[in-house]
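One file, model.txt, is given below (compact mmCIF, C-alpha atoms (C1' of nucleotides)).
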# COMPACT_ATOMS: atom_id res chain seq x y z
CA MET L 398 22.25 9.18 27.00
CA GLU L 399 25.10 10.27 29.15
CA GLY L 400 27.10 11.49 26.19
CA ALA L 401 24.49 14.04 25.26
CA ALA L 402 25.36 16.61 27.88
CA VAL L 403 26.01 19.37 25.40
CA GLU L 404 22.80 19.90 23.53
CA GLU L 405 22.25 23.60 23.98
CA GLU L 406 20.84 25.61 21.16
CA THR L 407 22.97 28.61 22.13
CA SER L 408 20.57 31.44 22.45
CA GLY L 409 23.26 33.79 21.13
CA SER L 410 23.83 34.44 17.46
CA ALA L 411 25.48 31.90 15.20
CA LEU L 412 28.56 34.08 15.24
CA ALA L 413 28.68 34.03 19.03
CA GLN L 414 28.32 30.28 18.94
CA GLY L 415 31.16 29.95 16.46
CA TRP L 416 33.35 32.23 18.57
CA CYS L 417 32.59 30.15 21.61
CA VAL L 418 33.73 27.03 19.79
CA LEU L 419 36.84 28.71 18.45
CA SER L 420 37.68 29.90 21.91
CA LEU L 421 37.15 26.46 23.37
CA LEU L 422 39.36 24.89 20.73
CA HIS L 423 42.05 27.51 21.19
CA ASN L 424 42.11 27.27 24.97
CA THR L 425 42.19 23.50 24.88
CA ILE L 426 45.06 23.40 22.42
CA GLU L 427 46.98 26.08 24.27
CA ALA L 428 46.64 24.33 27.61
CA HIS L 429 47.93 21.10 26.09
CA VAL L 430 50.82 22.66 24.19
CA GLU L 431 51.74 24.81 27.18
CA GLN L 432 52.13 21.80 29.40
CA ALA L 433 54.15 19.89 26.84
CA LEU L 434 56.56 22.75 26.17
CA GLN L 435 56.86 23.67 29.83
CA ALA L 436 57.56 20.10 30.88
CA ALA L 437 60.04 19.31 28.13
CA HIS L 438 61.88 22.59 27.66
CA GLY L 439 60.87 24.99 30.41
CA ILE L 440 59.33 27.54 28.08
CA SER L 441 55.77 28.74 27.80
CA SER L 442 53.64 28.60 24.73
CA ARG L 443 54.02 32.33 24.30
CA GLU L 444 57.77 32.20 24.65
CA PHE L 445 57.86 29.53 21.98
CA SER L 446 55.73 31.64 19.71
CA VAL L 447 58.11 34.56 20.14
CA LEU L 448 61.09 32.47 19.13
CA ALA L 449 59.15 30.98 16.23
CA ALA L 450 57.94 34.35 15.00
CA LEU L 451 61.39 35.88 15.18
CA SER L 452 63.11 32.95 13.51
CA GLU L 453 60.88 33.42 10.50
CA ARG L 454 62.25 36.86 9.85
CA GLN L 455 65.42 37.35 7.95
CA GLY L 456 68.13 37.85 10.53
CA ALA L 457 65.74 36.47 13.13
CA LYS L 458 65.10 39.95 14.44
CA MET L 459 62.14 42.25 14.84
CA ARG L 460 61.34 45.49 16.56
CA MET L 461 59.54 45.45 19.88
CA SER L 462 56.41 47.03 18.47
CA GLU L 463 56.30 44.62 15.54
CA LEU L 464 56.69 41.73 17.89
CA SER L 465 53.93 42.83 20.22
CA GLU L 466 51.63 43.18 17.24
CA ALA L 467 52.62 39.81 15.85
CA ILE L 468 51.81 37.94 19.03
CA VAL L 469 48.89 40.21 20.05
CA LEU L 470 50.34 41.25 23.39
CA SER L 471 50.56 44.65 25.04
CA GLN L 472 53.84 46.50 24.66
CA SER L 473 54.55 46.37 28.36
CA ALA L 474 54.05 42.63 28.48
CA THR L 475 56.23 42.27 25.40
CA THR L 476 59.00 44.25 27.06
CA ARG L 477 59.01 41.93 30.05
CA LEU L 478 58.62 38.81 27.97
CA VAL L 479 61.69 39.81 25.98
CA ASN L 480 63.47 40.64 29.25
CA ARG L 481 62.86 37.15 30.55
CA LEU L 482 64.04 35.51 27.36
CA GLU L 483 67.04 37.81 27.24
CA ASN L 484 67.96 36.88 30.81
CA ARG L 485 67.88 33.23 29.81
CA GLY L 486 70.19 34.01 26.92
CA LEU L 487 67.64 33.10 24.26
CA LEU L 488 67.21 36.58 22.84
CA SER L 489 69.36 39.66 22.65
CA ARG L 490 68.52 43.30 22.13
CA VAL L 491 70.24 45.14 19.31
CA LEU L 492 70.04 48.89 19.13
CA CYS L 493 68.85 50.31 15.85
CA ASP L 494 71.53 52.68 14.59
CA THR L 495 69.31 54.70 12.31
CA ASP L 496 66.67 55.34 14.98
CA ARG L 497 67.96 55.14 18.51
CA ARG L 498 64.47 54.78 19.92
CA GLY L 499 64.07 51.50 18.12
CA ILE L 500 65.35 48.20 19.46
CA TYR L 501 65.70 45.04 17.48
CA THR L 502 65.15 41.82 19.33
CA SER L 503 67.10 38.97 17.87
CA VAL L 504 67.31 35.24 18.53
CA THR L 505 70.64 34.09 19.89
CA GLU L 506 72.41 30.88 19.00
CA ALA L 507 71.06 29.29 22.18
CA GLY L 508 67.61 30.51 21.23
CA HIS L 509 67.84 28.83 17.84
CA ARG L 510 68.98 25.62 19.46
CA LEU L 511 66.14 25.65 21.98
CA LEU L 512 63.65 26.41 19.24
CA ALA L 513 64.96 23.53 17.16
CA GLU L 514 64.60 21.23 20.15
CA ALA L 515 61.14 22.48 21.03
CA ARG L 516 59.62 22.35 17.58
CA PRO L 517 59.11 18.57 17.58
CA THR L 518 57.52 18.78 21.02
CA ASN L 519 55.22 21.52 19.79
CA ASP L 520 54.27 19.58 16.67
CA ALA L 521 53.64 16.36 18.57
CA ALA L 522 51.49 18.04 21.20
CA LEU L 523 49.58 19.82 18.46
CA ALA L 524 48.97 16.63 16.52
CA GLU L 525 47.85 14.80 19.62
CA ILE L 526 45.36 17.35 20.87
CA LEU L 527 44.04 17.90 17.37
CA ARG L 528 43.30 14.20 17.00
CA THR L 529 41.33 14.42 20.22
CA ALA L 530 39.53 17.57 19.11
CA GLU L 531 38.47 15.98 15.87
CA ARG L 532 36.54 13.38 17.84
CA ASP L 533 34.45 16.07 19.47
CA PRO L 534 31.56 16.84 17.13
CA GLN L 535 31.45 20.42 18.31
CA LEU L 536 35.13 21.02 17.64
CA ALA L 537 35.59 18.83 14.59
CA PRO L 538 34.71 21.40 11.89
CA LEU L 539 37.19 24.01 13.07
CA ALA L 540 39.77 21.40 13.94
CA ASP L 541 39.56 20.10 10.39
CA ALA L 542 39.88 23.58 8.99
CA LEU L 543 42.98 24.00 11.10
CA ARG L 544 44.51 20.75 9.91
CA ARG L 545 43.90 21.60 6.30
CA HIS L 546 45.16 25.08 7.08
CA GLY L 547 42.46 26.79 5.13
CA PRO L 548 40.05 25.35 2.57
CA GLY L 549 41.26 27.10 -0.55
CA ALA L 550 44.82 28.06 0.32
CA MET A 784 51.74 51.36 5.39
CA GLU A 785 53.87 48.26 5.63
CA GLY A 786 51.04 45.89 4.83
CA ALA A 787 53.26 43.36 3.09
CA ALA A 788 55.25 42.54 6.18
CA VAL A 789 54.10 38.96 6.55
CA GLU A 790 55.81 36.91 3.90
CA GLU A 791 57.45 34.19 5.93
CA GLU A 792 57.48 30.61 4.78
CA THR A 793 57.13 29.30 8.32
CA SER A 794 59.82 26.77 8.81
CA GLY A 795 57.59 24.84 11.22
CA SER A 796 55.17 22.13 10.17
CA ALA A 797 51.92 22.95 8.45
CA LEU A 798 50.16 22.12 11.68
CA ALA A 799 52.30 24.57 13.61
CA GLN A 800 51.58 27.18 11.00
CA GLY A 801 47.87 26.56 11.25
CA TRP A 802 48.02 26.77 15.02
CA CYS A 803 49.88 30.03 14.79
CA VAL A 804 47.16 31.45 12.58
CA LEU A 805 44.40 30.15 14.84
CA SER A 806 46.12 31.67 17.80
CA LEU A 807 46.54 34.98 16.04
CA LEU A 808 42.88 35.03 15.06
CA HIS A 809 41.77 34.07 18.55
CA ASN A 810 43.91 36.65 20.30
CA THR A 811 42.85 39.37 17.92
CA ILE A 812 39.17 38.62 18.36
CA GLU A 813 39.49 38.30 22.11
CA ALA A 814 41.31 41.61 22.46
CA HIS A 815 38.61 43.35 20.45
CA VAL A 816 35.66 41.72 22.21
CA GLU A 817 37.28 42.25 25.59
CA GLN A 818 37.56 45.96 25.03
CA ALA A 819 34.00 46.25 23.77
CA LEU A 820 32.49 44.33 26.68
CA GLN A 821 34.67 46.04 29.24
CA ALA A 822 33.86 49.49 27.94
CA ALA A 823 30.13 48.96 27.56
CA HIS A 824 29.27 46.70 30.50
CA GLY A 825 32.30 46.41 32.77
CA ILE A 826 32.72 42.69 32.28
CA SER A 827 35.56 40.75 30.77
CA SER A 828 35.32 38.38 27.87
CA ARG A 829 35.72 35.48 30.26
CA GLU A 830 33.03 36.72 32.57
CA PHE A 831 30.69 37.02 29.63
CA SER A 832 31.50 33.49 28.55
CA VAL A 833 30.69 32.20 32.03
CA LEU A 834 27.28 33.86 31.99
CA ALA A 835 26.66 32.63 28.46
CA ALA A 836 27.73 29.08 29.25
CA LEU A 837 25.58 28.92 32.37
CA SER A 838 22.53 30.43 30.72
CA GLU A 839 22.56 27.63 28.20
CA ARG A 840 22.03 25.02 30.88
CA GLN A 841 18.58 24.28 32.14
CA GLY A 842 18.18 26.22 35.36
CA ALA A 843 21.20 28.28 34.35
CA LYS A 844 23.37 26.40 36.81
CA MET A 845 26.45 24.24 36.68
CA ARG A 846 28.92 22.73 39.10
CA MET A 847 32.25 24.47 39.63
CA SER A 848 34.19 21.61 38.09
CA GLU A 849 31.90 21.48 35.04
CA LEU A 850 32.28 25.19 34.61
CA SER A 851 36.04 25.18 34.82
CA GLU A 852 36.12 22.45 32.20
CA ALA A 853 33.67 24.28 29.95
CA ILE A 854 35.72 27.46 29.86
CA VAL A 855 39.12 25.72 30.09
CA LEU A 856 40.27 27.42 33.27
CA SER A 857 41.93 26.06 36.39
CA GLN A 858 39.71 25.30 39.36
CA SER A 859 41.33 27.96 41.48
CA ALA A 860 40.80 30.60 38.83
CA THR A 861 37.22 29.43 38.40
CA THR A 862 36.62 29.79 42.13
CA ARG A 863 37.79 33.38 42.11
CA LEU A 864 36.04 34.22 38.87
CA VAL A 865 32.77 32.99 40.36
CA ASN A 866 33.57 34.92 43.55
CA ARG A 867 33.90 38.13 41.63
CA LEU A 868 30.68 37.59 39.72
CA GLU A 869 28.92 36.59 42.91
CA ASN A 870 30.11 39.77 44.65
CA ARG A 871 28.65 41.76 41.79
CA GLY A 872 25.38 39.94 42.24
CA LEU A 873 25.49 38.28 38.82
CA LEU A 874 25.88 34.72 40.07
CA SER A 875 24.92 32.88 43.21
CA ARG A 876 26.17 29.67 44.76
CA VAL A 877 23.68 26.95 45.54
CA LEU A 878 24.69 24.04 47.72
CA CYS A 879 24.04 20.63 46.27
CA ASP A 880 21.85 18.70 48.70
CA THR A 881 22.74 15.22 47.48
CA ASP A 882 26.50 15.83 47.68
CA ARG A 883 27.54 18.49 50.10
CA ARG A 884 30.94 18.83 48.50
CA GLY A 885 29.35 20.02 45.28
CA ILE A 886 28.30 23.59 44.62
CA TYR A 887 26.04 24.75 41.88
CA THR A 888 26.72 28.14 40.41
CA SER A 889 23.64 29.79 39.05
CA VAL A 890 22.90 32.99 37.14
CA THR A 891 20.86 35.51 39.08
CA GLU A 892 18.16 37.74 37.67
CA ALA A 893 20.68 40.58 37.43
CA GLY A 894 23.07 38.23 35.67
CA HIS A 895 20.46 37.38 33.07
CA ARG A 896 19.71 41.03 32.53
CA LEU A 897 23.37 41.91 32.11
CA LEU A 898 23.85 39.01 29.74
CA ALA A 899 20.89 40.15 27.67
CA GLU A 900 22.36 43.62 27.51
CA ALA A 901 25.85 42.41 26.67
CA ARG A 902 24.94 39.96 23.94
CA PRO A 903 24.36 42.62 21.29
CA THR A 904 27.68 44.23 22.19
CA ASN A 905 29.37 40.88 21.92
CA ASP A 906 27.76 40.11 18.57
CA ALA A 907 28.57 43.52 17.13
CA ALA A 908 32.21 43.40 18.23
CA LEU A 909 32.47 39.91 16.83
CA ALA A 910 30.97 40.86 13.50
CA GLU A 911 33.21 43.89 13.22
CA ILE A 912 36.48 42.19 13.97
CA LEU A 913 35.55 39.25 11.78
CA ARG A 914 34.98 41.54 8.83
CA THR A 915 38.45 42.90 9.40
CA ALA A 916 39.95 39.44 9.75
CA GLU A 917 38.42 38.30 6.49
CA ARG A 918 40.41 40.96 4.70
CA ASP A 919 43.67 39.49 5.97
CA PRO A 920 44.66 36.73 3.55
CA GLN A 921 46.34 34.82 6.34
CA LEU A 922 43.29 34.87 8.58
CA ALA A 923 40.56 34.68 5.96
CA PRO A 924 40.27 30.88 5.69
CA LEU A 925 39.73 30.32 9.40
CA ALA A 926 37.62 33.42 9.75
CA ASP A 927 35.35 32.10 7.03
CA ALA A 928 35.15 28.73 8.72
CA LEU A 929 34.14 30.53 11.88
CA ARG A 930 31.45 32.55 10.15
CA ARG A 931 29.98 29.50 8.48
CA HIS A 932 30.36 27.72 11.81
CA GLY A 933 31.67 24.56 10.28
CA PRO A 934 31.60 23.47 6.66
CA GLY A 935 29.24 20.51 6.96
CA ALA A 936 27.23 21.42 10.05
C1' DG O 1098 68.72 76.07 16.89
C1' DC O 1099 64.33 75.83 20.06
C1' DG O 1100 60.07 74.04 21.50
C1' DT O 1101 56.28 70.99 20.68
C1' DA O 1102 54.12 66.90 18.98
C1' DT O 1103 54.92 62.14 17.86
C1' DT O 1104 56.97 57.63 18.19
C1' DA O 1105 59.43 53.64 20.68
C1' DT O 1106 60.23 51.54 24.74
C1' DT O 1107 60.19 50.92 29.79
C1' DT O 1108 58.30 51.06 34.66
C1' DG O 1109 54.56 51.40 38.76
C1' DC O 1110 50.65 49.29 40.00
C1' DA O 1111 46.67 46.44 40.60
C1' DA O 1112 44.22 42.38 38.83
C1' DG O 1113 43.93 37.52 37.17
C1' DC O 1114 46.13 33.07 36.53
C1' DG O 1115 48.15 28.28 37.66
C1' DC O 1116 50.36 25.29 40.93
C1' DA O 1117 50.75 23.23 45.28
C1' DG O 1118 48.74 22.50 49.47
C1' DG O 1119 44.57 22.64 52.69
C1' DT O 1120 39.66 21.62 54.26
C1' DA O 1121 35.31 19.25 53.94
C1' DT O 1122 32.66 15.40 52.24
C1' DT O 1123 31.91 10.95 50.17
C1' DT O 1124 33.28 6.21 48.91
C1' DG O 1125 35.34 1.77 49.54
C1' DT O 1126 37.38 -1.99 52.72
C1' DG O 1127 37.31 -4.54 56.70
C1' DC X 721 31.98 1.86 62.97
C1' DA X 722 36.94 3.00 61.87
C1' DC X 723 40.17 4.31 58.38
C1' DA X 724 42.41 5.31 54.04
C1' DA X 725 41.64 6.96 49.34
C1' DA X 726 39.21 9.82 46.24
C1' DT X 727 36.54 13.94 45.07
C1' DA X 728 35.02 18.93 45.18
C1' DC X 729 36.16 23.16 46.28
C1' DC X 730 39.10 26.99 48.43
C1' DT X 731 43.54 29.57 49.79
C1' DG X 732 48.72 31.11 49.78
C1' DC X 733 52.02 32.43 46.73
C1' DG X 734 54.72 33.83 42.85
C1' DC X 735 54.36 35.07 38.00
C1' DT X 736 52.33 37.38 33.83
C1' DT X 737 49.32 40.77 32.07
C1' DG X 738 47.24 45.38 30.78
C1' DC X 739 46.64 50.28 31.69
C1' DA X 740 48.55 54.62 32.59
C1' DA X 741 52.43 57.42 33.32
C1' DA X 742 57.43 58.10 32.70
C1' DT X 743 61.56 58.26 29.76
C1' DA X 744 64.22 58.71 25.49
C1' DA X 745 64.73 59.99 20.75
C1' DT X 746 63.04 61.75 16.36
C1' DA X 747 60.31 65.05 13.33
C1' DC X 748 58.22 69.29 12.33
C1' DG X 749 57.24 74.27 12.44
C1' DC X 750 59.28 78.59 13.15

Structure translated into structure tokens:
Amino acid sequence: MEGAAVEEETSGSALAQGWCVLSLLHNTIEAHVEQALQAAHGISSREFSVLAALSERQGAKMRMSELSEAIVLSQSATTRLVNRLENRGLLSRVLCDTDRRGIYTSVTEAGHRLLAEARPTNDAALAEILRTAERDPQLAPLADALRRHGPGA
Amino acid sequence: MEGAAVEEETSGSALAQGWCVLSLLHNTIEAHVEQALQAAHGISSREFSVLAALSERQGAKMRMSELSEAIVLSQSATTRLVNRLENRGLLSRVLCDTDRRGIYTSVTEAGHRLLAEARPTNDAALAEILRTAERDPQLAPLADALRRHGPGA
DNA sequence: GCGTATTATTTGCAAGCGCAGGTATTTGTG
DNA sequence: CACAAATACCTGCGCTTGCAAATAATACGC
């Protein structure tokens, strides 16, 4: 009786309902991962994602505009995010010699080390919150899809 | 032009990779929906979700703490978010008479009207960005799961 | 080469967020 | 009833964000 608090029929479309669930799942995971990363390594979820995204490029570098697109963040926010990480010595800016407007952002040695340290924390937090999510009937379908990382692929 | 830019092998775990994709999908959808709702009705994606969440409760009301849990937001942010919506006349606070600490937040008539107006915008923006997402091989699996709103359910 | 449009990045500003701390109310212990 | 602990909500403060405008460099037309 008391477990049946969420029985709405969602007067919005099925798509809106799905988006609502996706959003809920995302926000829940992010909050959990954020806390874990912040507590263990002093970096935010977004900062981690920047390091992770960059490290997956050859040379671990990317242009500012590419980066902002990759993490879906405004260019101004990306500039300051990179500033912060640069000030902590985790990233460094490298001028592009063929186009002096362009700036490559690259992961430093310290950045690679921090990323290597933080990855297990990230994975553990992810696994933990996903286990929890899979127990919620509303979240379970998407959570499963996430775990399997796509049905066909 | 450079459509084949995403060929990384993602040195992180499969879970981390899945989370990265989920995050990308979420942020992309949110950015798109945010713009649509803001442009057409002057409300943010979060404000819409508050109205939607409340309207699905009988009486269209909820306690502050319930609300902050439902939309995964801190209590302080929830307080101010409700303040803003209250100042616009979309929500109203109702004191709980059995526990004078508790406050029910309820959707006003104007709030219901705005929600009714904004739903089509929300649905259209959602449908549009989802069509786009389904063309991205990286996003397609999750986007499909979202459209079907769960494989089994 | 000169001037204009375009592209890449940064900065000013106001708004929203989380954390820590504060107030008001209820609950539990005696 | 008195008092401490817990609960529900609000406020001060610093940080991050997005939008719009500024800056710097390239590309194009002439």

Quick one: everything within 8 Å of segment 497-506 of chain L, counting only C-alpha atoms (C1' of nucleotides), minus sequence neighbours fewer than 2 positions away in the same chain. Send it as a PyMOL selection string.
(chain L and resi 448+451-452+456-461+479+486-495+508-510) or (chain O and resi 1105-1106) or (chain X and resi 744-746)

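Contacts from chain X to chain L at a cut-off of 12 Å (all atoms listed in the file) map to DC735, DT736, DT737, DG738, DC739, DA740, DT743, DA744, DA745, DT746 and DA747 of chain X.
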
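In this model, the gap between atom CA of Thr915 of chain A and atom CA of Glu817 of chain A comes to 16.2 Å.
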
Can you provide chain A as a compact mmCIF listing (two decimals) with C-alpha atoms, in the frame of the given file, superposed onto chain L by least squares across all C-alpha atoms matched in order?
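Writing done, so here's selection_22.txt:
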# COMPACT_ATOMS: atom_id res chain seq x y z
CA MET A 784 30.51 9.17 31.16
CA GLU A 785 28.29 12.15 30.57
CA GLY A 786 29.42 12.67 27.01
CA ALA A 787 26.08 14.02 25.83
CA ALA A 788 26.20 17.07 28.05
CA VAL A 789 26.45 19.65 25.29
CA GLU A 790 23.08 19.94 23.66
CA GLU A 791 22.38 23.64 23.93
CA GLU A 792 20.83 25.57 21.11
CA THR A 793 22.89 28.66 21.86
CA SER A 794 20.52 31.52 22.09
CA GLY A 795 23.21 33.88 20.78
CA SER A 796 23.80 34.60 17.11
CA ALA A 797 25.46 32.08 14.85
CA LEU A 798 28.54 34.26 14.92
CA ALA A 799 28.63 34.20 18.70
CA GLN A 800 28.25 30.47 18.61
CA GLY A 801 31.09 30.12 16.16
CA TRP A 802 33.28 32.36 18.29
CA CYS A 803 32.49 30.29 21.33
CA VAL A 804 33.59 27.16 19.51
CA LEU A 805 36.75 28.82 18.21
CA SER A 806 37.55 29.99 21.67
CA LEU A 807 36.97 26.56 23.12
CA LEU A 808 39.20 24.97 20.51
CA HIS A 809 41.91 27.57 21.01
CA ASN A 810 41.92 27.31 24.78
CA THR A 811 41.96 23.55 24.68
CA ILE A 812 44.87 23.43 22.26
CA GLU A 813 46.78 26.09 24.14
CA ALA A 814 46.38 24.33 27.48
CA HIS A 815 47.66 21.10 25.98
CA VAL A 816 50.59 22.64 24.10
CA GLU A 817 51.49 24.78 27.10
CA GLN A 818 51.82 21.76 29.32
CA ALA A 819 53.87 19.84 26.78
CA LEU A 820 56.30 22.69 26.15
CA GLN A 821 56.56 23.59 29.80
CA ALA A 822 57.23 20.02 30.85
CA ALA A 823 59.74 19.22 28.13
CA HIS A 824 61.61 22.50 27.68
CA GLY A 825 60.57 24.91 30.42
CA ILE A 826 59.08 27.45 28.07
CA SER A 827 55.54 28.67 27.75
CA SER A 828 53.43 28.55 24.65
CA ARG A 829 53.86 32.28 24.26
CA GLU A 830 57.60 32.12 24.63
CA PHE A 831 57.71 29.46 21.96
CA SER A 832 55.61 31.60 19.65
CA VAL A 833 58.00 34.51 20.12
CA LEU A 834 60.98 32.39 19.14
CA ALA A 835 59.06 30.93 16.22
CA ALA A 836 57.87 34.32 15.00
CA LEU A 837 61.34 35.83 15.21
CA SER A 838 63.06 32.90 13.54
CA GLU A 839 60.87 33.40 10.52
CA ARG A 840 62.25 36.86 9.91
CA GLN A 841 65.48 37.31 8.05
CA GLY A 842 68.16 37.78 10.67
CA ALA A 843 65.73 36.41 13.23
CA LYS A 844 65.09 39.89 14.56
CA MET A 845 62.14 42.20 14.94
CA ARG A 846 61.33 45.46 16.66
CA MET A 847 59.50 45.36 19.99
CA SER A 848 56.42 47.01 18.54
CA GLU A 849 56.32 44.61 15.57
CA LEU A 850 56.66 41.70 17.93
CA SER A 851 53.90 42.81 20.24
CA GLU A 852 51.62 43.21 17.23
CA ALA A 853 52.60 39.82 15.82
CA ILE A 854 51.72 37.95 18.99
CA VAL A 855 48.84 40.25 20.00
CA LEU A 856 50.26 41.28 23.36
CA SER A 857 50.52 44.66 25.05
CA GLN A 858 53.82 46.50 24.76
CA SER A 859 54.47 46.28 28.47
CA ALA A 860 53.92 42.54 28.48
CA THR A 861 56.13 42.21 25.42
CA THR A 862 58.90 44.12 27.18
CA ARG A 863 58.84 41.76 30.13
CA LEU A 864 58.45 38.67 27.99
CA VAL A 865 61.56 39.66 26.05
CA ASN A 866 63.30 40.44 29.35
CA ARG A 867 62.67 36.96 30.60
CA LEU A 868 63.87 35.33 27.40
CA GLU A 869 66.89 37.61 27.35
CA ASN A 870 67.76 36.66 30.93
CA ARG A 871 67.65 33.03 29.89
CA GLY A 872 69.99 33.81 27.05
CA LEU A 873 67.48 32.93 24.33
CA LEU A 874 67.08 36.43 22.94
CA SER A 875 69.25 39.51 22.80
CA ARG A 876 68.46 43.16 22.29
CA VAL A 877 70.19 45.02 19.50
CA LEU A 878 70.02 48.78 19.35
CA CYS A 879 68.85 50.23 16.09
CA ASP A 880 71.52 52.60 14.80
CA THR A 881 69.28 54.64 12.51
CA ASP A 882 66.66 55.28 15.21
CA ARG A 883 67.94 55.10 18.72
CA ARG A 884 64.46 54.72 20.13
CA GLY A 885 64.04 51.42 18.32
CA ILE A 886 65.30 48.11 19.63
CA TYR A 887 65.67 44.96 17.65
CA THR A 888 65.08 41.72 19.45
CA SER A 889 67.02 38.86 18.00
CA VAL A 890 67.21 35.12 18.62
CA THR A 891 70.53 33.94 19.99
CA GLU A 892 72.29 30.72 19.10
CA ALA A 893 70.88 29.13 22.26
CA GLY A 894 67.44 30.38 21.29
CA HIS A 895 67.69 28.71 17.91
CA ARG A 896 68.81 25.49 19.50
CA LEU A 897 65.96 25.52 22.00
CA LEU A 898 63.49 26.30 19.25
CA ALA A 899 64.80 23.41 17.18
CA GLU A 900 64.40 21.12 20.16
CA ALA A 901 60.94 22.39 21.02
CA ARG A 902 59.42 22.26 17.56
CA PRO A 903 58.92 18.49 17.56
CA THR A 904 57.29 18.72 20.99
CA ASN A 905 55.04 21.46 19.73
CA ASP A 906 54.09 19.52 16.60
CA ALA A 907 53.42 16.32 18.51
CA ALA A 908 51.26 18.03 21.13
CA LEU A 909 49.40 19.80 18.37
CA ALA A 910 48.79 16.63 16.40
CA GLU A 911 47.62 14.80 19.50
CA ILE A 912 45.16 17.36 20.72
CA LEU A 913 43.87 17.92 17.21
CA ARG A 914 43.09 14.25 16.83
CA THR A 915 41.09 14.49 20.02
CA ALA A 916 39.33 17.65 18.89
CA GLU A 917 38.29 16.06 15.63
CA ARG A 918 36.32 13.49 17.58
CA ASP A 919 34.23 16.21 19.20
CA PRO A 920 31.38 16.99 16.82
CA GLN A 921 31.30 20.57 18.01
CA LEU A 922 34.98 21.15 17.38
CA ALA A 923 35.47 18.95 14.33
CA PRO A 924 34.63 21.51 11.62
CA LEU A 925 37.13 24.10 12.82
CA ALA A 926 39.69 21.49 13.72
CA ASP A 927 39.49 20.18 10.18
CA ALA A 928 39.86 23.67 8.78
CA LEU A 929 42.94 24.06 10.92
CA ARG A 930 44.45 20.79 9.74
CA ARG A 931 43.86 21.62 6.11
CA HIS A 932 45.13 25.11 6.89
CA GLY A 933 42.47 26.83 4.89
CA PRO A 934 40.10 25.35 2.33
CA GLY A 935 41.39 27.12 -0.78
CA ALA A 936 44.99 27.86 0.18

Could you give me the centre and size, in Å to one decimal, of an axis-aligned box around all listed atoms of segment 811-818 of chain A with 5 Å added on every side, as AutoDock Vina command-line options?
--center_x 39.3 --center_y 42.1 --center_z 21.8 --size_x 17.2 --size_y 17.7 --size_z 17.7

Could you make a table, as CSV, of the residues of chain L that have an atom within 8 Å of an atom of chain A, each with its nearest atom pair and distance in Å to one decimal, counting all atoms listed in the file, in chain and number order?
residue,atom,partner,partner_atom,distance
L:Glu405,CA,A:Glu839,CA,5.8
L:Glu406,CA,A:Glu839,CA,7.5
L:Thr407,CA,A:Glu839,CA,6.2
L:Ser408,CA,A:Glu839,CA,7.2
L:Gly409,CA,A:Arg902,CA,7.0
L:Ser410,CA,A:Asp906,CA,7.0
L:Ala411,CA,A:His932,CA,7.3
L:Leu412,CA,A:Arg930,CA,6.0
L:Ala413,CA,A:Asp906,CA,6.2
L:Gln414,CA,A:His932,CA,7.8
L:Gly415,CA,A:His932,CA,5.2
L:Trp416,CA,A:Leu929,CA,6.9
L:Cys417,CA,A:Ser832,CA,7.8
L:Leu419,CA,A:His809,CA,7.3
L:Ser420,CA,A:His809,CA,6.7
L:Leu421,CA,A:Ile854,CA,6.7
L:His423,CA,A:Ser806,CA,6.7
L:Asn424,CA,A:Val855,CA,6.1
L:Thr425,CA,A:Val855,CA,6.4
L:Ser446,CA,A:Cys803,CA,7.8
L:Glu453,CA,A:Glu791,CA,5.8
L:Arg454,CA,A:Glu791,CA,6.7
L:Ala467,CA,A:Leu807,CA,7.8
L:Ile468,CA,A:Leu807,CA,6.7
L:Val469,CA,A:Asn810,CA,6.1
L:Arg516,CA,A:Gly795,CA,7.1
L:Asn519,CA,A:Ala799,CA,7.5
L:Asp520,CA,A:Ala799,CA,6.2
L:Leu523,CA,A:Leu798,CA,7.2
L:Ala524,CA,A:Leu798,CA,7.4
L:Pro538,CA,A:Gly933,CA,4.7
L:Leu539,CA,A:Gly933,CA,6.2
L:Ala542,CA,A:Leu925,CA,6.8
L:Leu543,CA,A:Gly801,CA,5.5
L:Arg544,CA,A:Leu798,CA,6.1
L:His546,CA,A:Gly801,CA,5.2
L:Gly547,CA,A:Pro924,CA,4.7
L:Pro548,CA,A:Pro924,CA,6.4
L:Gly549,CA,A:Pro924,CA,7.4
L:Ala550,CA,A:Pro924,CA,7.6

Distance limit 12 Å, atoms considered: only C-alpha atoms (C1' of nucleotides). Which chain O residues sit that close to chain L? Return them as a ChimeraX atom specification.
/O:1104-1109,1115

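Interatomic distance, atom CA of Gln432 of chain L against atom CA of Val447 of chain L: 16.9 Å.
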
Please compute the atom CA of Glu463 of chain L-atom CA of His429 of chain L distance, one decimal, in Å.
27.1 Å

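Comparing the minimum interatomic distances between Ala507 of chain L and each of L:Glu483, L:Glu525, L:Glu444, L:Asp533, counting only C-alpha atoms, we find that L:Glu483 sits nearest.
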